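Here is the structure we will look at.
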Amino acid sequence: MLVIFGYKLVHKRMGRAADFCPVCCELSPFDICAVRQAFHVYWIPLWRKGTFAHDEVCDNCGFSRHINLSKYEAISRNPQAAASELQAETNPDFRARWKERLDLEARIRNRRINPDERKAMLTEGWMAVAEYAGPGQPRPRVNVGVGLWLLAALGFLIAMVIAASSGNLRNQLLIGRIFTACAVLSVLLAGYCLVREFVRFRSKNSYDLLAKCFERLAPTASEIEAIRSQVDPQATKQLAKLKSERIVKLIEQRKIRAGPT
């Protein structure tokens, strides 16, 4: 019988704050989370260790990164506060600290940047998403709901075994087939969840983040590839298989959905 157990990262939401998001390239609200390690059976946490890190997750794009809580004056408990309200409460020095960058973003919107600044912004986008997709960053996508489903399947299989042991041969053969089908489905579901966690999460989300980050610059595929080739390959190895043409296509789709500006 397949028993899935081990350790996984769990994130306990602490509150919200506001800061500059390197993907949205503007002031954004962030969820602040305490990162803990938990022992699980079928992805259901049984006990948790103490907090060993803190993450923040952008409300707008889903970008996440490790942080030091001391960067904020406070953590807001208001789940409905807008970015400007959060900034006043949690990050009152934001405008002063980010003045040069906010001025640069204004010039990007007005298409008044030079080639060196453009290159720097494209490089920053690659590095930000590489940090997001790096080891230890992606959140576990296999959740408690899946674990409960698998436990229910396990309970059903045990009930089938008990029923088969007390029935006639014909019933035992039928129950055996049902047992086998349920076992196969359980293994396939577990495999699907693991693939989604370790493959789909990194690749699809990285594409979406890069498209959002590069949208304001409207780069070509060759320009994106040229910038990636100049970035430290160790830093961006998680993104090595991403296709520049797909990033450009996603940028075009985002512009179509946004409509004329």
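Scheme for the structure tokens: letters A, B, ... for chains in order shown; per-chain residue numbers from 1; ligand numbers from 1 in order shown.
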Item to complete: Just the residues within 8 Å of Pro22 of chain A, please, counting only C-alpha atoms, with nothing from its chain fewer than 2 positions along; format it as a list in words.
Response: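 Once the nearby chain positions are removed, what remains is Phe20, Cys24, Cys25, Glu26, Glu124, Gly125, Ala128 and Cys213 of chain A.
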Item to complete: Find the residues around Arg254 of chain A up to 10 Å (only C-alpha atoms counted), leave out those fewer than 6 positions away in its own chain, and share them as a ChimeraX atom specification.
Response: /A:208,211-212,215,248
Do you have, as a Markdown table, the list of residues of segment 42-147 of chain A lying at most 9 Å from segment 225-245 of chain A, each with its nearest atom pair and that distance in Å to one decimal, counting only C-alpha atoms and ordered by chain then number?
| residue | atom | partner | partner_atom | distance |
| --- | --- | --- | --- | --- |
| A:Lys119 | CA | A:Ile227 | CA | 7.2 |
| A:Leu122 | CA | A:Ile227 | CA | 6.9 |
| A:Thr123 | CA | A:Ile227 | CA | 6.3 |
| A:Trp126 | CA | A:Arg228 | CA | 7.1 |
| A:Met127 | CA | A:Thr236 | CA | 6.9 |
| A:Val129 | CA | A:Leu239 | CA | 8.3 |
| A:Ala130 | CA | A:Thr236 | CA | 5.2 |
| A:Glu131 | CA | A:Ala235 | CA | 7.8 |
| A:Ala133 | CA | A:Gln238 | CA | 6.3 |
| A:Gly134 | CA | A:Gln238 | CA | 6.2 |
| A:Pro135 | CA | A:Gln238 | CA | 8.5 |
Worksheet item: Just asking: which residues within segment 63-125 of chain A are strand (DSSP E or B) according to DSSP, as an MDAnalysis selection string?
Response: chainID A and resid 64:67 76
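Shortest separation to Ser222 of chain A among A:Leu185, A:Ile247, A:Val10, A:Lys204 occurs at residue A:Ile247, atoms counted being only C-alpha atoms.
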Fill in: helix (DSSP H, G or I) residues, from DSSP on the backbone, in segment 4-236 of chain A, as a PyMOL selection string
chain A and resi 69-71+83-90+94-97+99-109+115-133+144-165+169-214+221-230
Produce a file of the selected residues containing C-alpha atoms, as a CSV table (one decimal), in the first residue's frame.
chain,number,residue,atom,x,y,z
A,69,LEU,CA,10.5,41.5,8.6
A,70,SER,CA,12.6,44.4,9.9
A,71,LYS,CA,12.1,46.1,6.4
A,83,ALA,CA,-1.9,49.4,-1.4
A,84,SER,CA,-1.7,53.1,-0.5
A,85,GLU,CA,-3.2,52.5,2.9
A,86,LEU,CA,-0.8,49.6,3.5
A,87,GLN,CA,2.1,51.8,2.4
A,88,ALA,CA,1.3,54.5,4.9
A,89,GLU,CA,0.9,52.0,7.7
A,90,THR,CA,3.7,49.5,7.0
A,94,PHE,CA,8.6,54.0,0.5
A,95,ARG,CA,8.4,57.1,-1.7
A,96,ALA,CA,11.8,58.3,-0.5
A,97,ARG,CA,13.6,55.0,-0.8
A,99,LYS,CA,12.1,57.7,-5.7
A,100,GLU,CA,14.7,57.0,-8.4
A,101,ARG,CA,13.1,53.8,-9.4
A,102,LEU,CA,9.6,55.3,-9.5
A,103,ASP,CA,11.0,58.1,-11.7
A,104,LEU,CA,12.5,55.5,-14.0
A,105,GLU,CA,9.2,53.7,-14.3
A,106,ALA,CA,7.5,56.9,-15.2
A,107,ARG,CA,10.1,57.4,-18.0
A,108,ILE,CA,9.6,53.8,-19.2
A,109,ARG,CA,5.8,54.5,-19.5
A,115,PRO,CA,19.5,51.4,-24.1
A,116,ASP,CA,21.5,50.9,-20.9
A,117,GLU,CA,18.5,51.4,-18.7
A,118,ARG,CA,16.4,49.1,-20.9
A,119,LYS,CA,19.0,46.4,-20.7
A,120,ALA,CA,19.1,46.8,-16.9
A,121,MET,CA,15.4,46.4,-16.6
A,122,LEU,CA,15.3,43.3,-18.7
A,123,THR,CA,18.2,41.8,-16.7
A,124,GLU,CA,16.4,42.6,-13.5
A,125,GLY,CA,13.3,40.8,-14.7
A,126,TRP,CA,15.2,37.6,-15.4
A,127,MET,CA,16.9,37.8,-12.0
A,128,ALA,CA,13.7,38.5,-10.1
A,129,VAL,CA,11.9,35.5,-11.7
A,130,ALA,CA,15.0,33.3,-11.3
A,131,GLU,CA,14.9,34.1,-7.5
A,132,TYR,CA,11.2,33.2,-7.5
A,133,ALA,CA,11.7,29.9,-9.3
A,144,VAL,CA,-4.7,19.0,2.3
A,145,GLY,CA,-7.7,18.4,0.0
A,146,VAL,CA,-5.7,16.0,-2.1
A,147,GLY,CA,-4.4,14.3,1.0
A,148,LEU,CA,-7.9,13.8,2.3
A,149,TRP,CA,-9.0,12.4,-1.1
A,150,LEU,CA,-6.1,9.9,-1.0
A,151,LEU,CA,-7.0,8.9,2.6
A,152,ALA,CA,-10.6,8.3,1.5
A,153,ALA,CA,-9.3,6.1,-1.3
A,154,LEU,CA,-7.1,4.2,1.1
A,155,GLY,CA,-10.1,3.7,3.5
A,156,PHE,CA,-12.2,2.5,0.5
A,157,LEU,CA,-9.4,0.0,-0.5
A,158,ILE,CA,-9.3,-1.4,3.1
A,159,ALA,CA,-13.1,-1.8,3.1
A,160,MET,CA,-12.8,-3.7,-0.2
A,161,VAL,CA,-10.2,-6.1,1.3
A,162,ILE,CA,-12.5,-6.7,4.3
A,163,ALA,CA,-15.5,-7.2,2.0
A,164,ALA,CA,-13.6,-9.6,-0.3
A,165,SER,CA,-12.4,-11.8,2.5
A,169,LEU,CA,-15.3,-16.1,-5.3
A,170,ARG,CA,-17.3,-14.1,-7.8
A,171,ASN,CA,-17.7,-11.2,-5.5
A,172,GLN,CA,-14.0,-11.4,-4.6
A,173,LEU,CA,-13.0,-11.1,-8.3
A,174,LEU,CA,-15.2,-8.1,-8.8
A,175,ILE,CA,-14.0,-6.4,-5.6
A,176,GLY,CA,-10.4,-7.2,-6.7
A,177,ARG,CA,-10.9,-5.4,-10.0
A,178,ILE,CA,-12.4,-2.4,-8.1
A,179,PHE,CA,-9.5,-2.5,-5.7
A,180,THR,CA,-7.0,-2.5,-8.5
A,181,ALA,CA,-8.7,0.4,-10.3
A,182,CYS,CA,-8.8,2.5,-7.2
A,183,ALA,CA,-5.1,1.8,-6.4
A,184,VAL,CA,-4.1,2.8,-9.9
A,185,LEU,CA,-6.2,6.0,-9.7
A,186,SER,CA,-4.7,6.9,-6.4
A,187,VAL,CA,-1.1,6.5,-7.7
A,188,LEU,CA,-1.9,8.5,-10.8
A,189,LEU,CA,-3.4,11.3,-8.8
A,190,ALA,CA,-0.3,11.4,-6.5
A,191,GLY,CA,1.9,11.5,-9.6
A,192,TYR,CA,-0.1,14.2,-11.2
A,193,CYS,CA,0.1,16.4,-8.1
A,194,LEU,CA,3.9,15.9,-7.9
A,195,VAL,CA,4.3,16.8,-11.5
A,196,ARG,CA,2.2,19.9,-11.1
A,197,GLU,CA,4.3,21.0,-8.1
A,198,PHE,CA,7.7,20.5,-9.5
A,199,VAL,CA,7.2,21.1,-13.3
A,200,ARG,CA,4.1,23.1,-14.1
A,201,PHE,CA,4.3,25.5,-11.2
A,202,ARG,CA,7.8,26.6,-12.1
A,203,SER,CA,7.5,26.8,-15.8
A,204,LYS,CA,4.0,28.2,-16.3
A,205,ASN,CA,4.2,30.7,-13.5
A,206,SER,CA,7.6,31.8,-14.6
A,207,TYR,CA,6.3,32.5,-18.1
A,208,ASP,CA,3.4,34.5,-16.7
A,209,LEU,CA,5.7,36.5,-14.4
A,210,LEU,CA,8.2,37.3,-17.2
A,211,ALA,CA,5.5,38.4,-19.6
A,212,LYS,CA,4.0,40.7,-17.0
A,213,CYS,CA,7.5,42.1,-16.1
A,214,PHE,CA,8.5,42.6,-19.7
A,221,ALA,CA,12.4,37.4,-28.7
A,222,SER,CA,16.0,37.9,-29.9
A,223,GLU,CA,16.4,40.8,-27.3
A,224,ILE,CA,15.1,38.6,-24.5
A,225,GLU,CA,17.4,35.8,-25.5
A,226,ALA,CA,20.4,38.1,-25.8
A,227,ILE,CA,19.8,39.5,-22.3
A,228,ARG,CA,19.4,35.9,-20.9
A,229,SER,CA,22.7,34.9,-22.4
A,230,GLN,CA,24.5,37.7,-20.6
